[in-house]
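Asks: I have a structure I would like to understand better, so I am pasting it below and will then ask my questions one at a time.
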Amino acid sequence: MPKKPSSKSSQMTAEQAGVPNERAEYSKSLEDTTIIERVRCVIKDAHVFKLPPRPTAGGWRGADWTEEVWQGTVKVVERGEMTLVLLVDRTSGSIFAVCPIKDGAVDRCVDSSRYFVLRIENANGRHMFIGMAFNERNDAFDFNTSLEDAKREREAAKNPEPQLPGLDKDYSIKEGEKIRVKIKNLGGEEKETKRKSKPGSSSKISGGFLKPSSKDTPRRVDG
């Protein structure tokens, strides 16, 4: 199990740590008041590491990370069509780095569920990988779940389920209409009953399946 990140590492700017970021581009998007930003999760205690050379096999291991370069808050936000991971200074609120979520942007370590690898990019397409760790497994769970929920909802929006034929038809009983129901009694005779709808009342037939709630979360995996 990797060592718990120290709380006494020196703070560096993104430039000092050699981390390209999209702060200017993200800040520019904030000027557009028509873009709605949704904050999916905020985790106040996160640690960023400079990664050693990647292992030839077996994936990233948090136990190999020794050079911590930053501590601060992690946010998962959505702005327009983008989902982003923001690394934000806890005191000043300045952005240390931005990770746009796309294929391969976030990877998990093989030796701990609390350790992740982020693919940080700048506006010119330059990128590098940094390590990020949480002190608590619950924080790692919330981070991972928010990314999965965002991905699932975007895929559902791009590929909506086809509506079954007839579901948009109005089957409600109009005022003054009657329905006749034949019921067999114990003696085998049939009786015809009539029911007249009351003014203002309606009844609709529904069908199909309910979509899963966006609050559904995957099963937690302990590191």
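Following the order of the structure tokens, chains are lettered A, B, ..., residues in each are numbered from 1, and ligands are numbered from 1.
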Could you pull the residues within 6 Å of Leu87 in chain A, counting only C-alpha atoms, minus those fewer than 2 positions along the same chain, as a ChimeraX atom specification?

Replies: /A:73-74,95-97

Asks: Restrict the selected residues to N, CA, C and O atoms and save them as a PDB file, in the first residue's frame.

Replies:
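Contents of again_39.pdb, freshly written:
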```pdb
ATOM      1  N   THR A  73      -7.367  21.631  -4.010  1.00  0.00           N
ATOM      2  CA  THR A  73      -8.733  21.149  -4.209  1.00  0.00           C
ATOM      3  C   THR A  73      -8.915  20.623  -5.624  1.00  0.00           C
ATOM      4  O   THR A  73      -8.380  21.190  -6.579  1.00  0.00           O
ATOM      5  N   VAL A  74      -9.669  19.548  -5.745  1.00  0.00           N
ATOM      6  CA  VAL A  74     -10.016  18.979  -7.047  1.00  0.00           C
ATOM      7  C   VAL A  74     -11.506  19.191  -7.288  1.00  0.00           C
ATOM      8  O   VAL A  74     -12.321  18.914  -6.405  1.00  0.00           O
ATOM      9  N   ILE A  95      -6.164  28.449 -10.614  1.00  0.00           N
ATOM     10  CA  ILE A  95      -6.149  27.115 -11.198  1.00  0.00           C
ATOM     11  C   ILE A  95      -4.712  26.660 -11.424  1.00  0.00           C
ATOM     12  O   ILE A  95      -3.933  27.310 -12.116  1.00  0.00           O
ATOM     13  N   PHE A  96      -4.364  25.529 -10.843  1.00  0.00           N
ATOM     14  CA  PHE A  96      -3.037  24.948 -11.015  1.00  0.00           C
ATOM     15  C   PHE A  96      -2.933  24.233 -12.354  1.00  0.00           C
ATOM     16  O   PHE A  96      -1.950  24.381 -13.086  1.00  0.00           O
ATOM     17  N   ALA A  97      -3.929  23.458 -12.701  1.00  0.00           N
ATOM     18  CA  ALA A  97      -3.933  22.728 -13.970  1.00  0.00           C
ATOM     19  C   ALA A  97      -5.344  22.289 -14.308  1.00  0.00           C
ATOM     20  O   ALA A  97      -6.222  22.239 -13.439  1.00  0.00           O
TER      21      ALA A  97
END
```

Asks: Skipping near chain neighbours, those fewer than 5 positions away, what residues fall within 7 Å of range 109-119 of chain A using only C-alpha atoms, listed as an mmCIF file with C-alpha atoms, in the first residue's frame?

Replies:
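Saved result, out_6.cif, follows:
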```cif
data_model
loop_
_atom_site.group_PDB
_atom_site.id
_atom_site.type_symbol
_atom_site.label_atom_id
_atom_site.label_comp_id
_atom_site.auth_asym_id
_atom_site.auth_seq_id
_atom_site.Cartn_x
_atom_site.Cartn_y
_atom_site.Cartn_z
ATOM 1 C CA MET A 1 0.000 0.000 0.000
ATOM 2 C CA GLY A 59 0.659 -0.170 -15.028
ATOM 3 C CA TRP A 60 1.274 2.812 -12.779
ATOM 4 C CA ARG A 61 2.087 2.211 -9.101
ATOM 5 C CA GLY A 62 1.472 4.924 -6.510
ATOM 6 C CA CYS A 99 -7.538 18.040 -17.325
ATOM 7 C CA HIS A 127 0.252 17.173 -22.808
ATOM 8 C CA MET A 128 1.944 15.327 -19.990
ATOM 9 C CA PHE A 129 0.912 12.958 -17.222
ATOM 10 C CA ILE A 130 0.832 13.761 -13.515
ATOM 11 C CA GLY A 131 -0.035 11.663 -10.494
ATOM 12 C CA MET A 132 -2.879 12.552 -8.149
ATOM 13 C CA ALA A 133 -3.732 10.968 -4.809
ATOM 14 C CA PHE A 134 -6.416 11.288 -2.148
ATOM 15 C CA GLU A 136 -9.414 8.915 1.834
ATOM 16 C CA ARG A 137 -10.984 6.158 -0.242
ATOM 17 C CA ALA A 140 -11.446 8.644 -4.575
ATOM 18 C CA ASP A 222 -11.521 -0.837 -2.149
ATOM 19 C CA GLY A 223 -7.887 -0.310 -2.945
#
```

Asks: Please provide the set of residues having any atom within 8 Å of Arg79 in chain A, restricted to only C-alpha atoms, with same-chain residues fewer than 4 positions apart removed, written as a list in words.

Replies: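 Residues near the query, excluding close chain neighbours: Ile35, Ile36, Glu37, Arg38, Thr83 and Leu84 of chain A.
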
Asks: Using only C-alpha atoms, can you tell me which of A:Ile101, A:Met82, A:Ala17, A:Ile120 comes closest to Glu148 in chain A?

Replies: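 That would be A:Ile101, the residue with the smallest distance to Glu148 in chain A.
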
Asks: Select from range 22-203 of chain A everything DSSP, run on the backbone, classes as alpha helix (DSSP H), then give the selection as a ChimeraX atom specification.

Replies: /A:23-29,137-158

Asks: Could you please write out, as an MDAnalysis selection string, every residue of range 48-90 of chain A that DSSP assigns to strand (DSSP E)?

Replies: chainID A and resid 48:50 67:79 82:88

Asks: I'd like the interatomic distance between CA of Arg54 in chain A and CA of Gly104 in chain A, to a tenth of an Å.

Replies: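 A separation of 15.0 Å between them.
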
Asks: What's the separation between CA of Lys28 in chain A and CA of Arg40 in chain A, in Å to one decimal place?

Replies: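 Taking CA of Lys28 in chain A as the start and CA of Arg40 in chain A as the end point, the length is 20.9 Å.
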
Asks: Please, what distance in Å, to one decimal, runs between CA of Pro53 in chain A and CA of Val69 in chain A?

Replies: 16.3 Å

Asks: Find, counting only C-alpha atoms, the residue in A:Arg108, A:Lys75, A:Lys44, A:Arg180 that gets nearest to Thr91 in chain A.

Replies: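 Checking each candidate against Thr91 in chain A, we get A:Lys44 as the closest.
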